[in-house]
>>> print(open('model02.txt').read())   # compact mmCIF, C-alpha atoms
# COMPACT_ATOMS: atom_id res chain seq x y z
CA MET A 1 102.83 101.95 92.19
CA LEU A 2 106.23 101.84 93.86
CA ARG A 3 108.19 104.97 94.54
CA GLN A 4 111.91 104.93 95.15
CA VAL A 5 112.80 105.81 98.69
CA GLN A 6 115.66 105.48 101.10
CA PRO A 7 114.90 103.81 104.43
CA ASN A 8 118.15 105.08 105.88
CA PRO A 9 119.49 107.90 103.73
CA SER A 10 122.41 108.71 106.01
CA ALA A 11 123.70 105.16 105.94
CA LEU A 12 123.21 104.90 102.21
CA LYS A 13 125.13 108.11 101.58
CA SER A 14 128.02 106.98 103.79
CA ALA A 15 128.00 103.57 102.18
CA ALA A 16 128.13 105.11 98.70
CA LEU A 17 131.11 107.25 99.70
CA ALA A 18 132.98 104.34 101.27
CA ARG A 19 132.23 102.11 98.30
CA ALA A 20 133.48 104.72 95.83
CA GLN A 21 136.70 105.29 97.77
CA ARG A 22 137.38 101.58 98.07
CA ALA A 23 136.64 100.84 94.44
CA ALA A 24 138.74 103.75 93.16
CA ASP A 25 141.85 102.24 94.70
CA GLY A 26 143.69 105.56 94.74
CA ASP A 27 142.96 106.55 91.16
CA PRO A 28 141.68 110.17 91.29
CA VAL A 29 139.79 110.00 88.01
CA VAL A 30 138.03 106.77 88.95
CA ALA A 31 137.24 108.20 92.39
CA LEU A 32 135.83 111.27 90.74
CA VAL A 33 133.53 109.45 88.37
CA LEU A 34 132.33 107.08 91.09
CA THR A 35 131.56 110.05 93.31
CA ALA A 36 129.70 111.65 90.45
CA ARG A 37 127.76 108.48 89.68
CA GLN A 38 127.07 107.20 93.17
CA VAL A 39 127.73 109.59 96.04
CA LEU A 40 126.13 112.77 94.74
CA PRO A 41 123.08 110.98 93.30
CA ALA A 42 122.59 109.22 96.67
CA LYS A 43 122.58 112.55 98.46
CA ALA A 44 120.29 114.20 95.93
CA GLN A 45 117.98 111.18 96.03
CA SER A 46 117.85 111.36 99.79
CA PHE A 47 116.50 114.89 99.65
CA ALA A 48 114.13 114.14 96.78
CA SER A 49 112.78 111.12 98.64
CA GLN A 50 112.22 113.22 101.70
CA LEU A 51 110.18 115.69 99.66
CA ASP A 52 108.17 112.87 98.11
CA LEU A 53 107.42 111.41 101.50
CA ALA A 54 106.46 114.81 102.84
CA ALA A 55 104.08 115.33 99.92
CA GLY A 56 102.67 111.83 100.25
CA THR A 57 101.60 112.24 103.84
CA GLU A 58 100.64 115.89 103.99
CA GLU A 59 96.92 115.39 103.37
CA THR A 60 96.68 113.20 106.44
CA GLU A 61 98.91 115.33 108.61
CA PHE A 62 97.08 118.56 107.94
CA ALA A 63 93.55 117.21 107.85
CA ALA A 64 91.29 118.37 110.63
CA ALA A 65 89.13 115.23 110.58
CA PRO A 66 91.04 111.97 111.11
CA ALA A 67 88.38 109.82 109.39
CA ASP A 68 88.55 111.90 106.22
CA ALA A 69 92.30 111.72 106.34
CA ALA A 70 92.24 107.94 106.42
CA VAL A 71 90.03 107.82 103.35
CA GLN A 72 92.30 110.21 101.51
CA ALA A 73 95.35 108.17 102.44
CA GLY A 74 93.75 105.01 101.13
CA SER A 75 94.00 103.31 104.49
CA ALA A 76 91.51 100.61 105.32
CA ALA A 77 91.79 101.39 108.99
CA PRO A 78 90.13 104.39 110.61
CA ALA A 79 92.84 106.73 111.74
CA GLN A 80 92.95 107.66 115.39
CA PRO A 81 94.86 110.69 116.59
CA SER A 82 97.26 108.47 118.49
CA ASP A 83 97.89 106.44 115.35
CA THR A 84 98.25 109.31 112.99
CA THR A 85 100.65 111.18 115.19
CA PRO A 86 103.05 108.89 116.96
CA PRO A 87 105.68 110.43 119.24
CA GLY A 88 108.11 112.46 117.23
CA GLY A 89 105.50 113.55 114.73
CA ALA A 90 105.78 110.54 112.45
CA GLY A 91 103.04 110.07 109.90
CA PRO A 92 100.52 107.29 109.49
CA ILE A 93 102.66 105.04 107.32
CA ALA A 94 102.13 101.90 109.32
CA PRO A 95 99.14 102.14 111.61
CA SER A 96 99.18 99.52 114.32
CA ASN A 97 95.81 98.16 113.26
CA ALA A 98 96.71 97.87 109.57
CA PRO A 99 96.76 94.37 108.10
CA ALA A 100 100.04 92.62 108.70
CA PRO A 101 102.11 91.79 105.63
CA VAL A 102 101.86 88.28 104.29
CA ALA A 103 104.71 86.12 105.53
CA PRO A 104 107.19 85.85 102.68
CA PRO A 105 107.97 82.38 101.37
CA HIS A 106 111.36 80.80 100.97
CA GLY A 107 113.92 83.21 99.56
CA THR A 108 112.58 86.29 101.27
CA ARG A 109 112.78 87.63 104.74
CA THR A 110 111.11 90.31 106.75
CA ILE A 111 113.16 92.77 108.70
CA ARG A 112 111.92 94.91 111.53
CA GLN A 113 113.97 98.06 111.34
CA ARG A 114 114.72 100.58 114.00
CA ARG A 115 113.42 103.94 112.92
CA THR A 116 116.28 106.09 111.78
CA ARG A 117 114.28 108.95 110.42
CA ARG A 118 110.84 110.39 110.72
CA ARG A 119 107.95 108.75 108.88
CA GLU A 120 109.80 105.51 108.41
CA PRO A 121 107.67 102.39 108.25
CA ASP A 122 108.39 99.80 110.86
CA VAL A 123 108.32 96.90 108.44
CA LEU A 124 110.44 96.31 105.39
CA ILE A 125 110.22 93.30 103.12
CA ARG A 126 113.46 92.44 101.39
CA VAL A 127 113.12 90.40 98.24
CA VAL A 128 116.51 88.79 97.90
CA ALA A 129 118.56 87.99 94.83
CA GLY A 130 116.48 90.23 92.62
CA THR A 131 113.66 87.72 92.43
CA GLY A 132 110.85 90.06 93.33
CA TYR A 133 108.56 91.55 90.76
CA CYS A 134 105.62 93.78 91.27
CA HIS A 135 102.83 93.39 88.78
CA GLY A 136 102.03 96.78 87.39
CA LEU A 137 105.17 98.32 88.78
CA SER A 138 106.10 101.60 87.20
CA HIS A 139 109.61 102.90 87.07
CA PRO A 140 110.14 105.61 89.68
CA MET B 141 93.78 136.47 110.97
CA ALA B 142 95.36 135.80 114.34
CA GLY B 143 95.68 132.14 113.40
CA ARG B 144 97.36 133.08 110.15
CA LYS B 145 99.86 135.25 112.00
CA THR B 146 100.58 132.43 114.43
CA ALA B 147 101.16 129.98 111.61
CA ALA B 148 103.40 132.37 109.72
CA ALA B 149 105.47 132.93 112.83
CA GLY B 150 105.94 129.22 113.38
CA CYS B 151 109.21 127.35 113.08
CA PRO B 152 111.41 130.47 112.69
CA VAL B 153 114.66 128.73 113.60
CA GLU B 154 114.05 125.77 111.31
CA ARG B 155 112.93 127.99 108.47
CA ALA B 156 115.93 130.28 108.83
CA GLU B 157 118.31 127.33 108.76
CA PHE B 158 116.62 125.82 105.72
CA ILE B 159 116.83 129.10 103.84
CA ALA B 160 120.46 129.57 104.87
CA ALA B 161 121.25 126.03 103.73
CA ALA B 162 119.58 126.68 100.38
CA GLN B 163 121.52 129.91 99.95
CA ALA B 164 124.75 128.03 100.66
CA LEU B 165 124.17 125.79 97.65
CA PRO B 166 127.15 126.50 95.38
CA ALA B 167 126.41 128.22 92.11
CA ALA B 168 126.66 126.22 88.92
CA PRO B 169 130.27 126.42 87.64
CA ALA B 170 128.98 126.87 84.09
CA PRO B 171 125.64 126.85 82.26
CA SER B 172 126.15 123.25 81.12
CA GLY B 173 128.48 120.31 81.46
CA GLU B 174 129.81 120.90 77.99
CA ALA B 175 130.54 124.55 78.71
CA TYR B 176 132.29 123.64 81.94
CA TRP B 177 134.34 120.97 80.20
CA THR B 178 135.46 123.49 77.60
CA GLN B 179 136.27 125.97 80.34
CA LEU B 180 138.41 123.40 82.18
CA HIS B 181 140.07 122.31 78.98
CA GLN B 182 141.06 125.88 78.18
CA SER B 183 142.36 126.54 81.68
CA GLY B 184 145.46 124.47 80.97
CA LEU B 185 145.21 122.42 84.18
CA ASP B 186 146.52 118.89 84.03
CA THR B 187 144.32 115.88 84.74
CA VAL B 188 145.30 115.60 88.41
CA ALA B 189 144.66 119.29 89.10
CA THR B 190 141.37 119.18 87.21
CA SER B 191 140.20 116.09 89.05
CA ARG B 192 141.17 117.69 92.37
CA GLN B 193 139.19 120.82 91.50
CA LEU B 194 136.19 118.72 90.51
CA ALA B 195 136.50 116.60 93.64
CA ASP B 196 136.46 119.77 95.77
CA GLN B 197 133.37 121.01 93.96
CA MET B 198 131.64 117.68 94.42
CA ALA B 199 132.51 117.66 98.12
CA THR B 200 131.15 121.19 98.51
CA LEU B 201 127.96 120.29 96.68
CA GLY B 202 127.60 117.13 98.75
CA SER B 203 127.96 119.03 102.02
CA ALA B 204 125.46 121.63 100.86
CA VAL B 205 122.95 118.93 99.94
CA ASP B 206 123.42 117.27 103.32
CA ARG B 207 122.73 120.56 105.07
CA ILE B 208 119.65 121.24 102.96
CA ASP B 209 118.43 117.70 103.63
CA ARG B 210 118.82 118.14 107.38
CA GLY B 211 117.31 121.62 107.26
CA TYR B 212 114.21 120.49 105.45
CA ALA B 213 113.80 117.50 107.75
CA ALA B 214 113.81 119.80 110.78
CA LEU B 215 111.40 122.25 109.17
CA ASP B 216 109.08 119.46 108.07
CA ALA B 217 109.11 117.96 111.56
CA CYS B 218 108.29 121.34 113.06
CA ARG B 219 105.33 121.93 110.72
CA ARG B 220 103.96 118.47 111.41
CA GLY B 221 104.44 118.98 115.11
CA ARG B 222 102.37 122.14 114.94
CA ALA B 223 99.71 120.37 112.91
CA GLY B 224 99.68 117.53 115.42
CA ALA B 225 99.24 119.98 118.27
CA LEU B 226 96.33 121.63 116.47
CA ARG B 227 94.67 118.28 115.79
CA LEU B 228 95.09 117.34 119.42
CA GLY B 229 93.57 120.65 120.44
CA ILE B 230 90.53 119.92 118.27
CA THR B 231 90.24 116.35 119.56
CA GLU B 232 90.45 117.48 123.18
CA ALA B 233 87.99 120.32 122.52
CA LYS B 234 90.53 122.93 123.53
CA LEU B 235 90.16 124.44 120.10
CA ALA B 236 86.91 125.13 118.25
CA PRO B 237 86.69 122.80 115.22
CA ALA B 238 86.21 125.63 112.74
CA ALA B 239 89.05 127.69 114.14
CA GLY B 240 91.26 124.62 114.37
CA ALA B 241 90.50 123.64 110.79
CA GLN B 242 91.35 127.16 109.64
CA ARG B 243 94.65 127.09 111.47
CA LEU B 244 95.45 123.68 110.03
CA ALA B 245 94.67 125.01 106.56
CA ASP B 246 97.03 127.92 107.21
CA GLU B 247 99.75 125.54 108.32
CA LYS B 248 99.18 123.41 105.24
CA LYS B 249 99.51 126.44 103.01
CA ILE B 250 102.89 127.25 104.51
CA PHE B 251 103.91 123.60 104.35
CA ASP B 252 102.98 123.51 100.66
CA ALA B 253 105.00 126.62 99.95
CA GLU B 254 108.02 125.17 101.72
CA LEU B 255 107.58 121.89 99.87
CA ALA B 256 107.52 123.75 96.56
CA GLN B 257 110.64 125.60 97.63
CA GLY B 258 112.24 122.25 98.46
CA ARG B 259 111.37 120.89 95.02
CA ASP B 260 112.85 123.96 93.40
CA ILE B 261 116.06 123.44 95.37
CA ALA B 262 116.06 119.75 94.44
CA GLY B 263 115.94 120.83 90.80
CA GLN B 264 118.92 123.11 91.31
CA ILE B 265 120.83 120.30 93.01
CA ALA B 266 120.07 117.94 90.14
CA SER B 267 121.23 120.53 87.64
CA ARG B 268 124.56 121.14 89.40
CA GLN B 269 125.07 117.43 89.92
CA ALA B 270 124.46 116.78 86.22
CA ILE B 271 127.07 119.36 85.21
CA LEU B 272 129.72 117.85 87.48
CA GLN B 273 128.85 114.34 86.41
CA GLU B 274 129.08 115.17 82.74
CA VAL B 275 132.52 116.67 83.22
CA ALA B 276 133.66 113.66 85.24
CA GLU B 277 132.42 111.31 82.53
CA ARG B 278 134.23 113.35 79.88
CA MET B 279 137.41 113.17 81.94
CA VAL B 280 137.16 109.41 82.09
CA ALA B 281 136.52 109.19 78.38
CA ALA B 282 139.54 111.41 77.70
CA ALA B 283 141.97 109.65 80.05
CA PRO B 284 143.50 106.56 78.48
CA GLY B 285 142.66 103.39 80.36
CA SER B 286 140.29 105.10 82.79
CA SER B 287 137.14 103.70 81.23
CA ALA B 288 138.33 100.16 81.83
CA LYS B 289 139.33 101.01 85.40
CA VAL B 290 135.93 102.57 86.06
CA ALA B 291 134.11 99.58 84.59
CA LYS B 292 136.19 97.27 86.78
CA ALA B 293 135.58 99.39 89.88
CA VAL B 294 131.83 99.52 89.21
CA ALA B 295 131.71 95.77 88.67
CA ALA B 296 133.67 95.16 91.86
CA SER B 297 131.44 97.41 93.89
CA PRO B 298 127.84 97.28 92.70
CA MET B 299 125.29 99.62 94.15
CA PRO B 300 123.01 97.99 96.71
CA ALA B 301 119.40 97.27 95.97
CA THR B 302 117.23 100.34 95.94
CA PRO B 303 114.38 100.71 98.40
CA PHE B 304 110.95 101.47 97.02
CA MET B 305 107.74 102.40 98.78
CA ALA B 306 104.35 101.16 97.65
CA THR B 307 102.23 104.16 96.75
CA GLN B 308 99.15 101.96 96.83
CA ASN B 309 98.36 98.37 97.74
CA ALA B 310 100.39 96.07 95.49
CA GLU B 311 101.04 92.42 94.73
CA ILE B 312 104.56 91.08 94.32
CA TYR B 313 105.23 88.12 92.04
CA ALA B 314 108.25 85.83 91.88
CA ARG B 315 108.77 86.49 88.19
CA PRO B 316 107.73 89.22 85.76
CA ASP B 317 104.43 87.62 85.00
CA ALA B 318 101.11 87.86 86.80
CA GLY B 319 100.93 84.07 86.46
CA GLY B 320 104.01 83.72 88.65
CA ALA B 321 103.90 82.77 92.30
CA ARG B 322 102.61 85.60 94.44
CA ILE B 323 105.17 86.17 97.16
CA ALA B 324 103.85 89.23 98.97
CA ASP B 325 101.03 91.71 99.28
CA LEU B 326 102.19 95.20 100.07
CA ARG B 327 100.03 97.78 101.69
CA LYS B 328 100.33 101.43 100.89
CA GLY B 329 103.41 102.90 102.49
CA GLN B 330 105.23 99.62 102.86
CA ARG B 331 108.80 99.35 101.57
CA VAL B 332 110.63 96.78 99.49
CA GLN B 333 114.18 96.46 98.23
CA GLY B 334 114.13 96.58 94.47
CA PRO B 335 116.76 96.46 91.76
CA VAL B 336 119.36 99.21 91.58
CA ALA B 337 118.16 102.66 90.63
CA GLY B 338 118.50 103.32 86.95
CA ARG B 339 117.62 99.80 85.88
CA ARG B 340 114.18 98.63 84.94
CA PRO B 341 112.91 97.45 88.30
CA ALA B 342 110.18 95.03 87.41
CA GLY B 343 108.24 92.91 85.07
CA PRO B 344 105.30 93.54 82.80
CA ARG B 345 102.26 95.54 83.63
>>> encode(input="model02.txt", output="structure tokens")
Amino acid sequence: MLRQVQPNPSALKSAALARAQRAADGDPVVALVLTARQVLPAKAQSFASQLDLAAGTEETEFAAAPADAAVQAGSAAPAQPSDTTPPGGAGPIAPSNAPAPVAPPHGTRTIRQRRTRRREPDVLIRVVAGTGYCHGLSHP
Amino acid sequence: MAGRKTAAAGCPVERAEFIAAAQALPAAPAPSGEAYWTQLHQSGLDTVATSRQLADQMATLGSAVDRIDRGYAALDACRRGRAGALRLGITEAKLAPAAGAQRLADEKKIFDAELAQGRDIAGQIASRQAILQEVAERMVAAAPGSSAKVAKAVAASPMPATPFMATQNAEIYARPDAGGARIADLRKGQRVQGPVAGRRPAGPR
């Protein structure tokens, strides 16, 4: 139900590198293993996530009929050309007429993120302190 | 036929760069991590020299992955841009629906082929990464005191929460139990920060 993604792959990759260098504290072997465990997987994950996102939105992007595309994408809102293709070619992740997310209660916050990459959603809910659980969640 | 030719000719710069980036992916140093470890062990290099060699290989692989990532992003954007232009042409009646649909289908075919190529490359990246990681882990296991240092470094610098995207509408509960307080409804495509990759991210089904 949830697929692992990276909202800002470039930042995550840089952060992983910086974190590994800081934590290694000059030890080459520790730096090496942290790079192997964190930096390279972050880069590989970035590319894999991009492919997953590309695959997840292709039916809509390459459909000739917008209405059919909306049904295929599971969207409740009828897709309009202007919604499905925002400037820059972004996909219909967050149509403007889609239902707004429920306001999170105490302990959570909603962040409106600047788009850093194509097909990014404009809303991200952060469940803090590891308290969020998704019923039926499958491991990515 | 003309439409097919047009589609095939699309995005030449982006496609060339993506292919060049894929070709620049370094070859695997050995068929497996174990084979590479044996190879390094037999080379007679000391730990510092070995770790430097591995660090260089990891840096090269990382740069190659970055280039592939950027290359695919540009190619993907180009294909979607072309699809968007075709859809607009159909919407504005500048393109006959049947002809437009055919050209979109042609674009999709190329997009699918490039996506499959991307997945193949992702597999190669994962394979090379696994080899280097296995050797790095073996180095740590072999170096006295390194395991403790690594454990301390990992504890001091935990990975941030991992973002996930809802692949379909989903309900989020405050604890791993459907009887727990419902704290959010996610629509398809929405993102959440979940536990770190590699750990079990959620409660029961």
>>> residues_around(input="model02.txt", residues="Ala55 of chain A", least_positions_apart="3", cutoff="10 Å", atoms="all atoms listed in the file", output="PyMOL selection string")
(chain A and resi 49-52+58-59) or (chain B and resi 251-252+255-256)
>>> atom_distance(input="model02.txt", atom1="atom CA of Gly329 of chain B", atom2="atom CA of Arg220 of chain B")
18.0 Å
>>> closest_residue(input="model02.txt", among="B:Ile261, B:Ala276, B:Leu180, B:Ala283", to="chain A", atoms="only C-alpha atoms")
B:Ala276
>>> closest_residue(input="model02.txt", among="B:Val188, B:Arg322, B:Leu194, B:Ser183", to="Val275 of chain B", atoms="all atoms listed in the file")
B:Leu194
>>> closest_residue(input="model02.txt", among="B:Ser203, B:Ser286, B:Thr190, B:Gln197", to="Leu272 of chain B", atoms="only C-alpha atoms")
B:Gln197
>>> residues_around(input="model02.txt", residues="Val29 of chain A", least_positions_apart="5", cutoff="12 Å", atoms="only C-alpha atoms", output="number ranges by chain")
A: 20-21, 23-24, 34-36; B: 186-195, 273, 275-290, 293
>>> atom_distance(input="model02.txt", atom1="atom CA of Leu244 of chain B", atom2="atom CA of Arg155 of chain B")
18.1 Å
>>> axis_aligned_box(input="model02.txt", around="segment 319-331 of chain B", padding_each_side="6 Å", output="AutoDock Vina command-line options")
--center_x 104.4 --center_y 92.8 --center_z 94.7 --size_x 20.8 --size_y 32.1 --size_z 28.4
>>> atom_distance(input="model02.txt", atom1="atom CA of Ile312 of chain B", atom2="atom CA of Ala42 of chain A")
25.7 Å
>>> closest_residue(input="model02.txt", among="B:Ala321, B:Ile271, B:Ala161, B:Ala262", to="chain A", atoms="all atoms listed in the file")
B:Ala262
>>> residues_around(input="model02.txt", residues="Pro41 of chain A", least_positions_apart="3", cutoff="10 Å", atoms="only C-alpha atoms", output="list in words")
Lys13, Ala16, Thr35, Ala36, Arg37, Gln38, Ala44, Gln45, Ser46 and Phe47 of chain A; Gly202, Ile265, Ala266, Gln269, Ala270 and Gln273 of chain B
>>> residues_near_point(input="model02.txt", point="(112.7, 118.6, 105.6)", cutoff="9 Å", atoms="all atoms listed in the file", output="PyMOL selection string")
(chain A and resi 47+50-51+54) or (chain B and resi 158+208-217+254-255+258)
>>> closest_residue(input="model02.txt", among="B:Ile250, B:Leu235, B:Cys151, B:Leu228", to="chain A", atoms="all atoms listed in the file")
B:Leu228
>>> residues_around(input="model02.txt", residues="Gly240 of chain B", least_positions_apart="6", cutoff="10 Å", atoms="all atoms listed in the file", output="ChimeraX atom specification")
/A:64 /B:143,223,226-231,233-234,246
